[in-house]
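Asker: The following file, my_file33.txt, comprises compact mmCIF, C-alpha atoms (C1' of nucleotides):
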# COMPACT_ATOMS: atom_id res chain seq x y z
CA MET N 175 113.71 86.62 102.95
CA SER N 176 117.15 86.30 104.50
CA VAL N 177 117.03 82.91 106.13
CA THR N 178 120.58 83.55 107.25
CA GLN N 179 120.01 83.89 110.98
CA GLN N 180 123.25 85.26 112.25
CA PRO N 181 122.61 85.83 115.94
CA ARG N 182 122.72 89.62 115.56
CA ARG N 183 124.28 91.48 118.42
CA ARG N 184 121.90 93.19 120.80
CA ASP N 185 121.08 96.39 119.03
CA ALA N 186 117.69 97.98 119.46
CA ALA N 187 117.88 100.18 116.38
CA ALA N 188 119.04 97.36 114.13
CA THR N 189 116.38 95.01 115.44
CA ARG N 190 113.68 97.60 114.93
CA GLU N 191 114.90 98.12 111.41
CA ALA N 192 114.92 94.39 110.75
CA ILE N 193 111.34 94.09 111.94
CA LEU N 194 110.27 97.03 109.82
CA ASN N 195 111.89 95.59 106.70
CA SER N 196 110.35 92.21 107.37
CA ALA N 197 106.97 93.90 107.83
CA ILE N 198 107.29 95.79 104.55
CA GLU N 199 107.96 92.54 102.76
CA ALA N 200 105.15 90.64 104.49
CA PHE N 201 102.50 93.33 104.18
CA THR N 202 103.37 93.97 100.54
CA ARG N 203 103.21 90.30 99.69
CA ALA N 204 100.18 89.24 101.74
CA GLY N 205 98.35 92.46 102.62
CA TYR N 206 97.37 93.74 106.05
CA ASP N 207 95.02 90.88 106.87
CA GLY N 208 97.13 88.18 105.29
CA ALA N 209 100.34 88.93 107.16
CA GLY N 210 100.55 87.84 110.78
CA VAL N 211 102.63 89.37 113.53
CA ARG N 212 104.29 86.03 114.23
CA GLU N 213 105.25 85.71 110.58
CA VAL N 214 106.78 89.20 110.52
CA ALA N 215 108.66 88.49 113.72
CA ALA N 216 109.99 85.13 112.57
CA ALA N 217 111.33 86.61 109.32
CA ALA N 218 113.15 89.20 111.39
CA GLY N 219 114.55 86.55 113.71
CA VAL N 220 112.67 87.68 116.82
CA THR N 221 109.52 86.84 118.76
CA ALA N 222 106.06 88.17 118.09
CA MET N 223 105.94 90.09 121.33
CA LEU N 224 108.98 92.12 120.43
CA VAL N 225 107.11 93.51 117.46
CA ASN N 226 104.39 94.90 119.68
CA ARG N 227 107.01 96.11 122.12
CA TYR N 228 108.68 98.21 119.45
CA PHE N 229 105.63 99.32 117.50
CA GLY N 230 102.78 99.14 119.97
CA SER N 231 100.39 97.14 117.84
CA LYS N 232 99.97 95.63 114.41
CA GLU N 233 98.09 98.72 113.32
CA GLN N 234 100.87 101.08 114.33
CA LEU N 235 103.41 98.80 112.70
CA PHE N 236 101.42 98.98 109.49
CA ALA N 237 101.30 102.77 109.74
CA GLU N 238 105.10 102.89 109.92
CA VAL N 239 105.36 100.47 107.03
CA VAL N 240 103.09 102.67 104.94
CA ASN N 241 105.01 105.82 105.76
CA ARG N 242 108.32 104.18 104.99
CA SER N 243 107.07 102.50 101.85
CA PHE N 244 105.45 105.64 100.49
CA ALA N 245 108.39 107.82 101.44
CA PRO N 246 111.03 107.29 98.72
CA PRO N 247 110.44 109.66 95.84
CA THR N 248 108.97 108.02 92.79
CA ILE N 249 111.51 106.90 90.27
CA VAL N 250 110.51 109.49 87.74
CA GLY N 251 112.54 112.56 86.97
CA ASP N 252 111.38 116.12 87.18
CA ASP N 253 110.78 117.25 83.61
CA PRO N 254 106.99 117.63 83.31
CA ALA N 255 107.07 117.01 79.57
CA GLU N 256 108.81 113.67 79.99
CA LEU N 257 106.71 112.59 82.94
CA PRO N 258 104.11 110.46 81.12
CA ALA N 259 106.68 108.48 79.18
CA GLN N 260 108.85 107.95 82.24
CA ILE N 261 105.94 106.79 84.34
CA ALA N 262 104.73 104.46 81.61
CA ARG N 263 108.16 102.91 81.20
CA ALA N 264 108.68 102.41 84.92
CA LEU N 265 105.17 101.05 85.35
CA VAL N 266 105.40 98.48 82.57
CA ASP N 267 108.83 97.50 83.75
CA ARG N 268 107.96 97.09 87.41
CA THR N 269 104.72 95.19 86.76
CA ASP N 270 106.44 92.56 84.66
CA PRO N 271 104.59 89.37 85.61
CA ALA N 272 107.85 87.44 85.67
CA ALA N 273 109.46 89.48 88.44
CA ALA N 274 107.58 90.01 91.67
CA GLN N 275 108.36 93.52 92.81
CA LEU N 276 108.08 95.25 96.15
CA SER N 277 106.09 98.41 95.70
CA PRO N 278 103.87 100.79 97.65
CA PHE N 279 101.16 100.16 95.08
CA LEU N 280 101.18 96.45 95.78
CA LEU N 281 101.07 97.23 99.49
CA MET N 282 98.07 99.47 98.91
CA LEU N 283 96.21 97.09 96.63
CA ARG N 284 96.59 94.07 98.83
CA SER N 285 95.69 95.94 102.02
CA ALA N 286 92.77 97.98 100.69
CA GLY N 287 90.26 95.44 101.95
CA ASN N 288 90.82 96.29 105.60
CA PRO N 289 89.05 99.49 106.67
CA ARG N 290 91.68 100.52 109.22
CA ALA N 291 94.46 99.89 106.73
CA ALA N 292 92.58 101.95 104.15
CA GLU N 293 92.30 104.78 106.61
CA ILE N 294 96.00 104.67 107.41
CA MET N 295 96.88 104.74 103.72
CA HIS N 296 94.44 107.56 103.17
CA ASP N 297 96.24 109.66 105.75
CA ALA N 298 99.62 108.86 104.26
CA ILE N 299 98.56 109.80 100.74
CA ALA N 300 96.71 112.90 101.81
CA GLY N 301 99.61 113.98 103.97
CA HIS N 302 102.68 113.37 101.85
CA ALA N 303 102.63 111.10 98.84
CA GLY N 304 99.92 112.92 96.94
CA SER N 305 101.53 116.32 97.09
CA ARG N 306 104.83 115.06 95.72
CA LEU N 307 103.39 114.19 92.33
CA THR N 308 101.20 117.28 92.41
CA GLY N 309 104.32 119.40 92.64
CA LEU N 310 105.53 118.07 89.32
CA LEU N 311 102.41 119.21 87.51
CA ASP N 312 101.27 122.73 86.84
CA GLY N 313 98.06 124.40 85.92
CA ALA N 314 94.68 124.18 87.54
CA ASP N 315 93.55 121.09 89.40
CA ALA N 316 97.09 119.73 89.58
CA ASP N 317 96.14 117.69 92.65
CA GLN N 318 93.20 116.10 90.89
CA ARG N 319 95.29 115.19 87.87
CA ALA N 320 98.01 113.80 90.11
CA GLU N 321 95.54 111.54 91.86
CA LEU N 322 94.12 110.38 88.57
CA ILE N 323 97.61 109.42 87.46
CA LEU N 324 98.05 107.49 90.69
CA ALA N 325 94.70 105.83 90.02
CA LEU N 326 95.77 104.67 86.58
CA ILE N 327 99.05 103.37 87.94
CA ALA N 328 97.27 101.49 90.71
CA GLY N 329 94.71 100.07 88.30
CA VAL N 330 97.34 98.79 85.89
CA TRP N 331 99.30 97.34 88.79
CA LEU N 332 96.19 95.58 90.01
CA MET N 333 95.22 94.10 86.67
CA ARG N 334 98.70 93.20 85.50
CA SER N 335 100.34 91.98 88.71
CA VAL N 336 97.62 91.01 91.17
CA ILE N 337 94.79 89.74 88.99
CA ALA N 338 97.16 88.83 86.15
CA THR N 339 94.72 89.66 83.41
CA PRO N 340 95.60 87.85 80.17
CA ALA N 341 95.95 90.69 77.66
CA LEU N 342 98.04 92.80 80.02
CA THR N 343 100.38 90.07 81.18
CA GLY N 344 100.93 88.92 77.63
CA ALA N 345 101.20 92.37 76.11
CA ASP N 346 104.22 93.56 74.18
CA PRO N 347 105.98 95.90 76.63
CA ALA N 348 106.77 98.53 74.04
CA ALA N 349 103.21 98.73 72.73
CA LEU N 350 101.80 98.79 76.23
CA THR N 351 104.20 101.54 77.23
CA ALA N 352 103.21 103.59 74.20
CA ARG N 353 99.53 103.31 74.92
CA LEU N 354 100.00 104.14 78.59
CA THR N 355 102.08 107.15 77.67
CA ILE N 356 99.21 108.53 75.62
CA ALA N 357 96.73 107.98 78.42
CA LEU N 358 99.05 109.54 80.98
CA GLN N 359 99.53 112.56 78.74
CA ALA N 360 95.77 112.94 78.61
CA LEU N 361 95.66 112.91 82.39
CA SER N 362 98.68 115.20 82.83
CA GLY N 363 97.64 118.07 80.60
CA PRO N 364 95.62 120.97 82.01
CA GLY N 365 92.94 119.95 79.57
CA HIS N 366 91.40 123.38 79.09
CA MET O 537 70.50 94.38 104.85
CA SER O 538 66.89 93.35 105.30
CA VAL O 539 66.65 92.88 109.03
CA THR O 540 63.05 91.82 108.49
CA GLN O 541 63.34 88.17 109.40
CA GLN O 542 60.08 86.69 108.28
CA PRO O 543 60.44 82.97 108.97
CA ARG O 544 60.59 82.12 105.26
CA ARG O 545 58.93 78.91 104.25
CA ARG O 546 61.22 76.02 103.52
CA ASP O 547 62.39 76.67 100.00
CA ALA O 548 65.83 75.53 98.94
CA ALA O 549 66.09 77.78 95.90
CA ALA O 550 64.95 80.87 97.77
CA THR O 551 67.27 80.17 100.69
CA ARG O 552 70.19 79.65 98.38
CA GLU O 553 69.40 82.91 96.67
CA ALA O 554 69.15 84.72 100.02
CA ILE O 555 72.55 83.41 101.04
CA LEU O 556 74.07 84.40 97.71
CA ASN O 557 72.68 87.93 97.95
CA SER O 558 73.86 88.25 101.51
CA ALA O 559 77.29 87.04 100.42
CA ILE O 560 77.46 89.57 97.60
CA GLU O 561 76.74 92.35 100.03
CA ALA O 562 79.18 91.10 102.67
CA PHE O 563 82.08 90.33 100.31
CA THR O 564 81.64 93.64 98.51
CA ARG O 565 81.59 95.59 101.74
CA ALA O 566 84.29 93.77 103.68
CA GLY O 567 86.27 91.77 101.13
CA TYR O 568 86.98 88.05 101.07
CA ASP O 569 89.00 88.00 104.27
CA GLY O 570 86.86 90.51 106.11
CA ALA O 571 83.55 88.74 105.63
CA GLY O 572 82.88 85.67 107.74
CA VAL O 573 80.64 82.75 106.92
CA ARG O 574 78.66 83.29 110.13
CA GLU O 575 78.07 86.91 109.18
CA VAL O 576 76.85 85.97 105.72
CA ALA O 577 74.58 83.32 107.18
CA ALA O 578 73.12 85.58 109.84
CA ALA O 579 72.24 88.27 107.31
CA ALA O 580 70.43 85.62 105.29
CA GLY O 581 68.59 84.37 108.36
CA VAL O 582 70.22 80.96 108.46
CA THR O 583 73.08 79.17 110.20
CA ALA O 584 76.69 79.10 109.09
CA MET O 585 76.61 75.42 108.30
CA LEU O 586 73.85 75.83 105.77
CA VAL O 587 76.12 78.06 103.74
CA ASN O 588 78.68 75.31 103.41
CA ARG O 589 75.91 72.84 102.75
CA TYR O 590 74.71 74.81 99.73
CA PHE O 591 78.02 76.06 98.42
CA GLY O 592 80.57 73.56 99.65
CA SER O 593 83.01 76.03 101.15
CA LYS O 594 83.67 79.73 101.56
CA GLU O 595 85.91 79.65 98.52
CA GLN O 596 83.24 78.16 96.29
CA LEU O 597 80.70 80.61 97.67
CA PHE O 598 83.03 83.44 96.73
CA ALA O 599 83.42 82.01 93.25
CA GLU O 600 79.66 82.08 92.76
CA VAL O 601 79.51 85.60 94.15
CA VAL O 602 82.16 86.72 91.67
CA ASN O 603 80.42 85.09 88.73
CA ARG O 604 77.08 86.59 89.69
CA SER O 605 78.51 90.01 90.46
CA PHE O 606 80.51 90.19 87.24
CA ALA O 607 77.66 88.83 85.16
CA PRO O 608 75.30 91.75 84.56
CA PRO O 609 76.39 93.71 81.50
CA THR O 610 78.05 96.98 82.28
CA ILE O 611 75.70 99.92 82.31
CA VAL O 612 77.15 101.43 79.19
CA GLY O 613 75.47 101.33 75.82
CA ASP O 614 76.87 99.94 72.64
CA ASP O 615 77.94 102.91 70.54
CA PRO O 616 81.75 102.77 70.48
CA ALA O 617 82.04 106.51 69.92
CA GLU O 618 80.01 107.31 73.01
CA LEU O 619 81.69 104.69 75.17
CA PRO O 620 84.29 106.88 76.90
CA ALA O 621 81.79 109.55 77.91
CA GLN O 622 79.28 106.98 79.11
CA ILE O 623 81.85 105.13 81.18
CA ALA O 624 83.15 108.37 82.66
CA ARG O 625 79.67 109.50 83.63
CA ALA O 626 78.72 106.18 85.19
CA LEU O 627 82.07 105.94 86.99
CA VAL O 628 81.94 109.39 88.54
CA ASP O 629 78.33 108.84 89.46
CA ARG O 630 78.77 105.46 91.07
CA THR O 631 81.90 106.40 93.02
CA ASP O 632 80.21 109.36 94.66
CA PRO O 633 81.69 109.33 98.17
CA ALA O 634 78.30 110.15 99.66
CA ALA O 635 76.54 107.02 98.41
CA ALA O 636 78.11 103.66 99.10
CA GLN O 637 77.49 101.52 96.05
CA LEU O 638 77.54 97.79 95.45
CA SER O 639 79.83 97.06 92.56
CA PRO O 640 81.99 94.28 91.15
CA PHE O 641 84.90 96.70 91.23
CA LEU O 642 84.51 97.20 94.96
CA LEU O 643 84.30 93.45 95.35
CA MET O 644 87.50 93.05 93.38
CA LEU O 645 89.41 95.82 95.13
CA ARG O 646 88.56 94.71 98.64
CA SER O 647 89.25 91.04 97.94
CA ALA O 648 92.44 91.44 95.91
CA GLY O 649 94.60 90.86 98.98
CA ASN O 650 93.73 87.18 99.22
CA PRO O 651 95.63 85.01 96.72
CA ARG O 652 92.83 82.48 96.25
CA ALA O 653 90.29 85.25 95.78
CA ALA O 654 92.58 86.90 93.25
CA GLU O 655 92.83 83.64 91.35
CA ILE O 656 89.06 83.22 91.31
CA MET O 657 88.59 86.74 90.01
CA HIS O 658 91.29 86.19 87.45
CA ASP O 659 89.40 83.23 86.06
CA ALA O 660 86.13 85.15 86.00
CA ILE O 661 87.64 88.10 84.13
CA ALA O 662 89.62 85.97 81.72
CA GLY O 663 86.59 83.81 81.04
CA HIS O 664 83.73 86.23 80.63
CA ALA O 665 83.91 89.80 81.85
CA GLY O 666 86.97 90.83 79.87
CA SER O 667 85.63 89.76 76.53
CA ARG O 668 82.40 91.69 76.95
CA LEU O 669 84.11 95.07 76.87
CA THR O 670 86.52 93.84 74.22
CA GLY O 671 83.56 93.21 71.94
CA LEU O 672 82.62 96.88 72.07
CA LEU O 673 85.98 97.98 70.75
CA ASP O 674 87.45 97.43 67.35
CA GLY O 675 90.87 97.51 65.82
CA ALA O 676 94.04 95.77 66.89
CA ASP O 677 94.71 94.89 70.53
CA ALA O 678 91.09 95.42 71.48
CA ASP O 679 91.52 93.09 74.44
CA GLN O 680 94.49 95.02 75.72
CA ARG O 681 92.68 98.33 75.43
CA ALA O 682 89.63 96.85 77.14
CA GLU O 683 91.71 95.72 80.10
CA LEU O 684 93.39 99.10 80.34
CA ILE O 685 89.97 100.71 80.54
CA LEU O 686 89.04 98.30 83.29
CA ALA O 687 92.31 99.19 85.01
CA LEU O 688 91.53 102.89 84.94
CA ILE O 689 88.03 102.29 86.24
CA ALA O 690 89.35 100.11 89.05
CA GLY O 691 92.03 102.64 89.93
CA VAL O 692 89.58 105.53 90.13
CA TRP O 693 87.21 103.41 92.17
CA LEU O 694 90.03 102.55 94.55
CA MET O 695 91.24 106.09 95.04
CA ARG O 696 87.85 107.76 95.16
CA SER O 697 85.77 105.25 97.12
CA VAL O 698 88.13 103.01 99.07
CA ILE O 699 91.08 105.25 99.91
CA ALA O 700 88.98 108.41 99.64
CA THR O 701 91.75 110.54 98.29
CA PRO O 702 91.08 114.27 98.92
CA ALA O 703 91.22 115.76 95.43
CA LEU O 704 89.06 113.03 93.92
CA THR O 705 86.41 112.98 96.62
CA GLY O 706 86.15 116.74 96.55
CA ALA O 707 86.30 117.10 92.80
CA ASP O 708 83.61 118.77 90.76
CA PRO O 709 81.78 115.86 89.10
CA ALA O 710 81.48 117.55 85.73
CA ALA O 711 85.16 118.46 85.53
CA LEU O 712 86.21 115.01 86.69
CA THR O 713 83.93 113.38 84.13
CA ALA O 714 85.40 115.53 81.38
CA ARG O 715 88.95 114.64 82.26
CA LEU O 716 88.16 110.96 82.55
CA THR O 717 86.41 111.03 79.18
CA ILE O 718 89.59 112.32 77.57
CA ALA O 719 91.72 109.66 79.22
CA LEU O 720 89.26 106.92 78.27
CA GLN O 721 89.25 108.12 74.68
CA ALA O 722 93.03 107.84 74.68
CA LEU O 723 92.72 104.26 75.87
CA SER O 724 89.88 103.36 73.53
CA GLY O 725 91.35 104.48 70.24
CA PRO O 726 93.44 102.10 68.14
CA GLY O 727 96.27 104.53 68.64
CA HIS O 728 98.13 103.77 65.44
C1' DA Y 560 47.63 59.55 109.53
C1' DT Y 561 52.14 58.00 108.79
C1' DT Y 562 56.49 57.83 106.79
C1' DG Y 563 60.54 59.49 104.60
C1' DG Y 564 63.39 62.60 102.54
C1' DA Y 565 64.58 67.30 102.26
C1' DT Y 566 65.68 71.40 105.01
C1' DG Y 567 67.87 73.52 108.76
C1' DT Y 568 70.20 73.73 113.51
C1' DC Y 569 73.43 72.50 117.51
C1' DT Y 570 77.65 71.50 119.36
C1' DA Y 571 82.15 71.23 118.82
C1' DC Y 572 86.93 70.80 117.13
C1' DG Y 573 91.40 72.44 115.83
C1' DA Y 574 93.85 76.21 114.13
C1' DC Y 575 95.29 80.76 114.12
C1' DC Y 576 94.95 85.52 115.50
C1' DG Y 577 96.58 89.89 118.33
C1' DT Y 578 98.15 90.86 122.61
C1' DA Y 579 99.37 91.00 127.80
C1' DG Y 580 102.48 90.04 131.87
C1' DA Y 581 106.06 87.58 133.97
C1' DC Y 582 110.40 86.08 133.31
C1' DC Y 583 115.39 85.49 131.62
C1' DG Y 584 120.25 86.71 130.27
C1' DC Y 585 123.60 89.33 128.12
C1' DA Y 586 126.53 93.52 128.24
C1' DC Y 587 128.15 97.26 130.20
C1' DT Y 588 129.16 100.45 134.32
C1' DG Y 589 130.95 100.94 138.95
C1' DC E 51 133.99 91.28 140.18
C1' DA E 52 129.16 92.63 141.24
C1' DG E 53 124.95 94.33 139.78
C1' DT E 54 121.71 96.78 137.06
C1' DG E 55 119.04 97.83 133.13
C1' DC E 56 117.97 96.94 128.57
C1' DG E 57 116.96 93.49 124.82
C1' DG E 58 114.39 89.42 124.24
C1' DT E 59 111.67 85.26 125.19
C1' DC E 60 107.93 82.14 127.28
C1' DT E 61 103.49 81.06 128.38
C1' DA E 62 99.04 81.95 128.01
C1' DC E 63 94.39 84.11 127.40
C1' DG E 64 90.27 85.30 125.00
C1' DG E 65 88.42 85.48 120.60
C1' DT E 66 87.22 84.30 115.79
C1' DC E 67 87.70 81.58 111.95
C1' DG E 68 86.23 77.59 108.60
C1' DT E 69 84.25 73.36 108.85
C1' DA E 70 82.55 68.54 110.24
C1' DG E 71 78.99 65.18 112.12
C1' DA E 72 75.00 64.22 114.64
C1' DC E 73 70.61 65.73 115.41
C1' DA E 74 65.97 68.08 114.96
C1' DT E 75 61.99 69.64 112.17
C1' DC E 76 58.90 70.47 108.54
C1' DC E 77 56.43 69.27 104.26
C1' DA E 78 54.60 66.11 100.89
C1' DA E 79 53.27 61.76 99.17
C1' DT E 80 51.24 57.60 100.42
Please express the file's structure as structure tokens.

Answerer:
Amino acid sequence: MSVTQQPRRRDAAATREAILNSAIEAFTRAGYDGAGVREVAAAAGVTAMLVNRYFGSKEQLFAEVVNRSFAPPTIVGDDPAELPAQIARALVDRTDPAAAQLSPFLLMLRSAGNPRAAEIMHDAIAGHAGSRLTGLLDGADADQRAELILALIAGVWLMRSVIATPALTGADPAALTARLTIALQALSGPGH
Amino acid sequence: MSVTQQPRRRDAAATREAILNSAIEAFTRAGYDGAGVREVAAAAGVTAMLVNRYFGSKEQLFAEVVNRSFAPPTIVGDDPAELPAQIARALVDRTDPAAAQLSPFLLMLRSAGNPRAAEIMHDAIAGHAGSRLTGLLDGADADQRAELILALIAGVWLMRSVIATPALTGADPAALTARLTIALQALSGPGH
DNA sequence: ATTGGATGTCTACGACCGTAGACCGCACTG
DNA sequence: CAGTGCGGTCTACGGTCGTAGACATCCAAT
């Protein structure tokens, strides 16, 4: 990203952070298999070996990227009644085909092909990310409904941003948001 | 799959078919980047070069795999009213964590990380697969609703089979089917 | 029986991958 | 000013990848 290569004073923490940010960008854009250690290192202004020195291996680097990328709380608020509409709005907005966005969902979708990467993401979701959305829901099977919501989000992200399916990329944002809101409401409600 | 390597008489059509089937299995299991030409060839009982001889390149082989894999009509019937329930049943059944299934959705999810593979799948969906489901719906924006249904299916497949999210893998099949039916109904209806 | 084209294999090249160990130089402490 | 330890780089190894060209082999038609 930042081609501006100011020499950067010797600072272990800052360098580590630069590598991590570069890795988030690279893994999100190209997936686990598509992003190389040399590429991550070059974008951070260092050598490939330094990456392994700080993170041990590409796999461990990816694990830190996943934890960092999945960490920030989702953009949605905390009113359960408004949740579906908020998610729908944010989803349609952030999957706009015109603007390429950095997102944990893109990271997940583009890295799902690698078994080790899938396992790492599984652990991250099972450990932290899943429970956050679950906490916003109430009633029975809140965890199942939360994961279904995540599934719908991921699916839309896949079709609209990665595969660039015609009807979804060309859809009227307002209409798409409305329809997604309805579907998300169906998934949010206790249902019984 | 079939480790039985009977010499197989010289038969161009049969060999081509064996390679294609082997490629479907390999690409679906490991994704575009994860499956190698040598691996595909070995499983078909031939050499790597023969693959390129018959299909030109790995990319063209993948294109044929996608077209073949997306070709068979979805398992669902043709009664629009029963569509959501049928899809939900088939989806929950075929994403059973115990039984690893061959499916175009798995192929898509595990290959989405590669840009060229994504483009090939885009063309296949835009050209054929998308319109098939669209034809089963009626009302305005049928294509958009069809793609949203595909998105939900893909998302559930991702979370349940690839990432193996806890609440979805451990869910009671009947309850999960019921909830998915509701969500699919919300996506199927004209909505206005 | 021979010939010729189709069918399949062998060897190899160049590129890229993740990673290991030896080495270098700056900055700070004494 | 000397030296030491941390931050960083260089070189290289073994491996796998996709693919190209020359070569072998089998089957069918003559």

Asker: If the cut-off is 8 Å, can you tell me the residues of chain N near chain E, counting only C-alpha atoms (C1' of nucleotides)? I'd like them as a list in words.

Answerer: Arg184, Asp185, Ala186, Val220, Thr221 and Leu224 of chain N

Asker: For atom CA of O:Ala554 and atom CA of N:Gly287, determine how far apart the two atoms are, in Å to one decimal place.

Answerer: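 We find that atom CA of O:Ala554 and atom CA of N:Gly287 lie 23.8 Å from each other.
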
Asker: Using all atoms listed in the file, tabulate the residues of chain Y lying at most 12 Å from any atom of chain O, each with its closest atom pair and that distance in Å to one decimal, by chain and increasing residue number, as CSV.

Answerer:
residue,atom,partner,partner_atom,distance
Y:DA565,C1',O:Ala548,CA,9.0
Y:DT566,C1',O:Arg546,CA,6.6
Y:DG567,C1',O:Leu586,CA,7.1
Y:DT568,C1',O:Thr583,CA,7.0
Y:DC569,C1',O:Thr583,CA,9.9
Y:DT570,C1',O:Met585,CA,11.8

Asker: Please produce, as JSON lines, a per-residue contact table for chain N versus chain O (criterion: any atom at most 7 Å away, all atoms listed in the file considered), showing the nearest atom pair and its distance in Å to one decimal, sorted by chain then residue number.

Answerer:
{"residue": "N:Ala204", "atom": "CA", "partner": "O:Gly649", "partner_atom": "CA", "distance": 6.4}
{"residue": "N:Gly205", "atom": "CA", "partner": "O:Gly649", "partner_atom": "CA", "distance": 5.5}
{"residue": "N:Leu283", "atom": "CA", "partner": "O:Ala648", "partner_atom": "CA", "distance": 6.8}
{"residue": "N:Arg284", "atom": "CA", "partner": "O:Gly649", "partner_atom": "CA", "distance": 3.8}
{"residue": "N:Ser285", "atom": "CA", "partner": "O:Gly649", "partner_atom": "CA", "distance": 6.0}
{"residue": "N:Ala286", "atom": "CA", "partner": "O:Arg646", "partner_atom": "CA", "distance": 5.7}
{"residue": "N:Gly287", "atom": "CA", "partner": "O:Arg646", "partner_atom": "CA", "distance": 3.8}
{"residue": "N:Ala292", "atom": "CA", "partner": "O:Ile699", "partner_atom": "CA", "distance": 5.6}
{"residue": "N:Glu293", "atom": "CA", "partner": "O:Ile699", "partner_atom": "CA", "distance": 6.8}
{"residue": "N:Met295", "atom": "CA", "partner": "O:Ile699", "partner_atom": "CA", "distance": 7.0}
{"residue": "N:His296", "atom": "CA", "partner": "O:Ile699", "partner_atom": "CA", "distance": 5.2}
{"residue": "N:Ala300", "atom": "CA", "partner": "O:Pro702", "partner_atom": "CA", "distance": 6.5}
{"residue": "N:Asp317", "atom": "CA", "partner": "O:Ala703", "partner_atom": "CA", "distance": 6.0}
{"residue": "N:Gln318", "atom": "CA", "partner": "O:Ala703", "partner_atom": "CA", "distance": 5.0}
{"residue": "N:Glu321", "atom": "CA", "partner": "O:Leu704", "partner_atom": "CA", "distance": 7.0}
{"residue": "N:Leu322", "atom": "CA", "partner": "O:Val692", "partner_atom": "CA", "distance": 6.8}
{"residue": "N:Ala325", "atom": "CA", "partner": "O:Gly691", "partner_atom": "CA", "distance": 4.2}
{"residue": "N:Leu326", "atom": "CA", "partner": "O:Leu688", "partner_atom": "CA", "distance": 4.9}
{"residue": "N:Ala328", "atom": "CA", "partner": "O:Gly691", "partner_atom": "CA", "distance": 5.4}
{"residue": "N:Gly329", "atom": "CA", "partner": "O:Gly691", "partner_atom": "CA", "distance": 4.1}
{"residue": "N:Val330", "atom": "CA", "partner": "O:Ala687", "partner_atom": "CA", "distance": 5.1}
{"residue": "N:Met333", "atom": "CA", "partner": "O:Ala687", "partner_atom": "CA", "distance": 6.1}
{"residue": "N:Val336", "atom": "CA", "partner": "O:Ala654", "partner_atom": "CA", "distance": 6.8}
{"residue": "N:Ile337", "atom": "CA", "partner": "O:His658", "partner_atom": "CA", "distance": 5.2}
{"residue": "N:Ala338", "atom": "CA", "partner": "O:His658", "partner_atom": "CA", "distance": 6.6}
{"residue": "N:Thr339", "atom": "CA", "partner": "O:His658", "partner_atom": "CA", "distance": 6.3}
{"residue": "N:Pro340", "atom": "CA", "partner": "O:Ala662", "partner_atom": "CA", "distance": 6.5}
{"residue": "N:Ala341", "atom": "CA", "partner": "O:Gln680", "partner_atom": "CA", "distance": 5.0}
{"residue": "N:Leu342", "atom": "CA", "partner": "O:Gln680", "partner_atom": "CA", "distance": 6.0}
{"residue": "N:Arg353", "atom": "CA", "partner": "O:Leu723", "partner_atom": "CA", "distance": 6.9}
{"residue": "N:Ile356", "atom": "CA", "partner": "O:Ala722", "partner_atom": "CA", "distance": 6.3}
{"residue": "N:Ala357", "atom": "CA", "partner": "O:Ala722", "partner_atom": "CA", "distance": 5.3}
{"residue": "N:Ala360", "atom": "CA", "partner": "O:Ala719", "partner_atom": "CA", "distance": 5.2}
{"residue": "N:Leu361", "atom": "CA", "partner": "O:Ala719", "partner_atom": "CA", "distance": 6.0}

Asker: In Å, rounded to a single decimal, give me how far atom CA of N:Pro278 is from atom CA of N:Ser335.

Answerer: 13.0 Å

Asker: May I ask for the distance between atom CA of N:Pro246 and atom CA of N:Ile198, given in Å to one decimal place?

Answerer: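 Distance reported for this atom pair: 13.4 Å.
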